[in-house]
Amino acid sequence: MLPISVFIIAKNEADRIGATIRAVRDLTDDVIVIDSGSTDGTQAVAEELGARVIFNAWPGYGLQKRFGEEQCRHEWLLNIDADEELSPTLREEIKTLFAHGEPSCQAYGIRIAETYPGEVSPHPLAYRIAPVRLYRKDAGRYSTSLVHDRVELKQGTKVRKLRGLVHHRSIRSLGDQIAKLNFYTDQLALDLEVRRVSIPTWRVYFEFPAAFIKAYFGRLHFLRGTYGFLIAMNYATWRHLRLAKHYEKKRLNALAKEARGERA
């Protein structure tokens, strides 16, 4: 077993979290699932596979992952989401990192590629992101943002990207994706309000077509044929909803201020 703790945030992931845990349990003796109130038996699935399950009411993405960090026993942390699965290549690469003691870097970016319904693995040319997911606890911590779950590293931290992939099975269906993105855009609009960020209204008119082009061509969704087109449409919809809800909040706040001024 490696000196790594794996932590996973989850809610209602009974159908996906089993594959997530099975892909890491030969790496570590410390798998932690931070559950925010599942009602589908996620907790039982995780416990049967040897994970420690801890309840924490949902505080936001970054804060939930920071809570997860606090529960880990080891100095090295590996964060994966409940809809992600380490590939065999990535597992072997992580084992090799620790084969001769402490790795040479303090943080590692891990390549993540979407695997859509009907696909066994990501398209060979699929768009990939590579956030830091494997890191020493003393090198960085997750941000406290409501929506942006990224590791904030200390200045001077040595970072390298690993070659192996995480298969991200984020979509159960197109309808499920829309429901998920609707919730996420609520969080994004609230985050903008909390941070007092104001996005120009004119962007509402252009966000959808610009986001579709970005997803369909820039993120190579066209490689997936018709399903890729539909995914790009959903991506454009959530980008549009984010700004639409942000605009609505600004409008209602302005009307409320105006009404208070009239009463005064």
# chains A, B, ... in the order shown; residues from 1 in each chain; ligands from 1
$ select_by_dssp --residues "range 86-215 of chain A" --states "helix (DSSP H, G or I)" --output "PyMOL selection string"
chain A and resi 88-97+174-194+201-205+207-215
$ write_last_selection --atoms "C-alpha atoms" --output "PDB file, in the first residue's frame"
ATOM      1  CA  PRO A  88      -4.905   0.772 -15.187  1.00  0.00           C
ATOM      2  CA  THR A  89      -2.096   2.776 -16.805  1.00  0.00           C
ATOM      3  CA  LEU A  90      -2.512   5.601 -14.308  1.00  0.00           C
ATOM      4  CA  ARG A  91      -2.587   3.215 -11.351  1.00  0.00           C
ATOM      5  CA  GLU A  92       0.732   1.681 -12.430  1.00  0.00           C
ATOM      6  CA  GLU A  93       2.209   5.126 -12.989  1.00  0.00           C
ATOM      7  CA  ILE A  94       1.297   6.199  -9.457  1.00  0.00           C
ATOM      8  CA  LYS A  95       2.786   2.999  -8.030  1.00  0.00           C
ATOM      9  CA  THR A  96       6.014   3.690  -9.929  1.00  0.00           C
ATOM     10  CA  LEU A  97       6.161   7.218  -8.472  1.00  0.00           C
ATOM     11  CA  LEU A 174     -28.609  14.021 -21.435  1.00  0.00           C
ATOM     12  CA  GLY A 175     -31.530  14.712 -19.097  1.00  0.00           C
ATOM     13  CA  ASP A 176     -29.446  13.956 -16.017  1.00  0.00           C
ATOM     14  CA  GLN A 177     -26.754  16.279 -17.314  1.00  0.00           C
ATOM     15  CA  ILE A 178     -29.241  19.127 -17.724  1.00  0.00           C
ATOM     16  CA  ALA A 179     -30.494  18.674 -14.142  1.00  0.00           C
ATOM     17  CA  LYS A 180     -26.906  18.650 -12.857  1.00  0.00           C
ATOM     18  CA  LEU A 181     -25.969  21.752 -14.828  1.00  0.00           C
ATOM     19  CA  ASN A 182     -29.090  23.578 -13.656  1.00  0.00           C
ATOM     20  CA  PHE A 183     -27.997  23.071 -10.040  1.00  0.00           C
ATOM     21  CA  TYR A 184     -24.419  24.040 -10.867  1.00  0.00           C
ATOM     22  CA  THR A 185     -25.468  27.294 -12.550  1.00  0.00           C
ATOM     23  CA  ASP A 186     -27.419  28.221  -9.407  1.00  0.00           C
ATOM     24  CA  GLN A 187     -24.163  27.824  -7.485  1.00  0.00           C
ATOM     25  CA  LEU A 188     -22.198  29.796 -10.075  1.00  0.00           C
ATOM     26  CA  ALA A 189     -24.650  32.700 -10.036  1.00  0.00           C
ATOM     27  CA  LEU A 190     -24.540  32.770  -6.228  1.00  0.00           C
ATOM     28  CA  ASP A 191     -20.738  32.656  -6.273  1.00  0.00           C
ATOM     29  CA  LEU A 192     -20.590  35.676  -8.587  1.00  0.00           C
ATOM     30  CA  GLU A 193     -22.942  37.548  -6.256  1.00  0.00           C
ATOM     31  CA  VAL A 194     -20.921  36.652  -3.148  1.00  0.00           C
ATOM     32  CA  THR A 201     -25.268  42.186 -19.874  1.00  0.00           C
ATOM     33  CA  TRP A 202     -24.272  42.201 -23.556  1.00  0.00           C
ATOM     34  CA  ARG A 203     -22.611  38.826 -23.070  1.00  0.00           C
ATOM     35  CA  VAL A 204     -26.021  37.202 -22.568  1.00  0.00           C
ATOM     36  CA  TYR A 205     -26.663  37.605 -26.298  1.00  0.00           C
ATOM     37  CA  GLU A 207     -22.656  33.347 -24.715  1.00  0.00           C
ATOM     38  CA  PHE A 208     -24.660  30.478 -26.187  1.00  0.00           C
ATOM     39  CA  PRO A 209     -23.236  30.484 -29.750  1.00  0.00           C
ATOM     40  CA  ALA A 210     -19.717  31.218 -28.514  1.00  0.00           C
ATOM     41  CA  ALA A 211     -19.880  28.384 -25.963  1.00  0.00           C
ATOM     42  CA  PHE A 212     -21.240  25.955 -28.553  1.00  0.00           C
ATOM     43  CA  ILE A 213     -18.344  26.700 -30.918  1.00  0.00           C
ATOM     44  CA  LYS A 214     -15.892  26.315 -28.046  1.00  0.00           C
ATOM     45  CA  ALA A 215     -17.303  22.920 -27.091  1.00  0.00           C
TER      46      ALA A 215
END
$ closest_atom_pairs --of "range 31-126 of chain A" --to "range 152-163 of chain A" --cutoff "7 Å" --atoms "only C-alpha atoms" --output "CSV"
residue,atom,partner,partner_atom,distance
A:Cys105,CA,A:Lys158,CA,5.0
A:Gln106,CA,A:Lys158,CA,5.6
A:Ala107,CA,A:Val159,CA,4.8
A:Tyr108,CA,A:Arg160,CA,4.9
A:Gly109,CA,A:Lys161,CA,4.4
A:Ile110,CA,A:Leu162,CA,5.5
A:Arg111,CA,A:Arg163,CA,6.9
$ select_by_dssp --residues "range 11-257 of chain A" --states "strand (DSSP E or B)" --output "PyMOL selection string"
chain A and resi 31-35+52-55+76-79+84-86+107-114+128-129+132-136+140-142+151-153+159-168
$ residues_around --residues "Tyr116 in chain A" --least-positions-apart "2" --cutoff "7 Å" --atoms "only C-alpha atoms" --output "list in words"
Glu114, Gly118, Glu119, Arg169 and Ile171 of chain A
$ atom_distance --atom1 "CA of Asp35 in chain A" --atom2 "CA of Asp83 in chain A"
13.6 Å
$ atom_distance --atom1 "CA of His167 in chain A" --atom2 "CA of Ala113 in chain A"
5.5 Å
$ closest_residue --among "A:Val166, A:Ala51, A:Leu243, A:Ile32" --to "Glu85 in chain A" --atoms "only C-alpha atoms"
A:Val166
$ atom_distance --atom1 "CA of Asp29 in chain A" --atom2 "CA of Met1 in chain A"
6.4 Å
$ closest_residue --among "A:His100, A:Arg52, A:His123, A:Arg73" --to "Leu223 in chain A" --atoms "only C-alpha atoms"
A:His123
$ residues_around --residues "Ala82 in chain A" --least-positions-apart "4" --cutoff "7 Å" --atoms "only C-alpha atoms" --output "CSV table (one decimal) with N, CA, C and O atoms, in the first residue's frame"
chain,number,residue,atom,x,y,z
A,8,ILE,N,-13.0,11.2,-1.7
A,8,ILE,CA,-14.1,11.3,-2.7
A,8,ILE,C,-15.3,12.0,-2.1
A,8,ILE,O,-15.8,11.6,-1.0
A,9,ILE,N,-15.8,13.0,-2.8
A,9,ILE,CA,-17.0,13.6,-2.3
A,9,ILE,C,-18.2,13.0,-3.1
A,9,ILE,O,-18.0,12.7,-4.3
A,10,ALA,N,-19.3,12.8,-2.5
A,10,ALA,CA,-20.4,12.1,-3.2
A,10,ALA,C,-21.8,12.5,-2.6
A,10,ALA,O,-21.9,12.8,-1.5
A,13,GLU,N,-24.6,8.5,-5.6
A,13,GLU,CA,-23.6,8.0,-6.6
A,13,GLU,C,-23.5,6.4,-6.5
A,13,GLU,O,-22.5,5.9,-6.8
A,16,ARG,N,-22.3,4.6,-9.5
A,16,ARG,CA,-21.0,4.9,-10.1
A,16,ARG,C,-19.8,4.7,-9.1
A,16,ARG,O,-18.6,4.5,-9.6
A,17,ILE,N,-20.0,4.9,-7.9
A,17,ILE,CA,-18.9,5.0,-6.9
A,17,ILE,C,-18.2,3.7,-6.7
A,17,ILE,O,-17.0,3.6,-6.3
A,20,THR,N,-15.3,3.5,-9.0
A,20,THR,CA,-14.3,4.5,-8.5
A,20,THR,C,-13.4,4.0,-7.4
A,20,THR,O,-12.2,4.1,-7.4
$ closest_residue --among "A:Gly140, A:Ile34, A:Ile199, A:Leu165" --to "Arg128 in chain A" --atoms "only C-alpha atoms"
A:Leu165
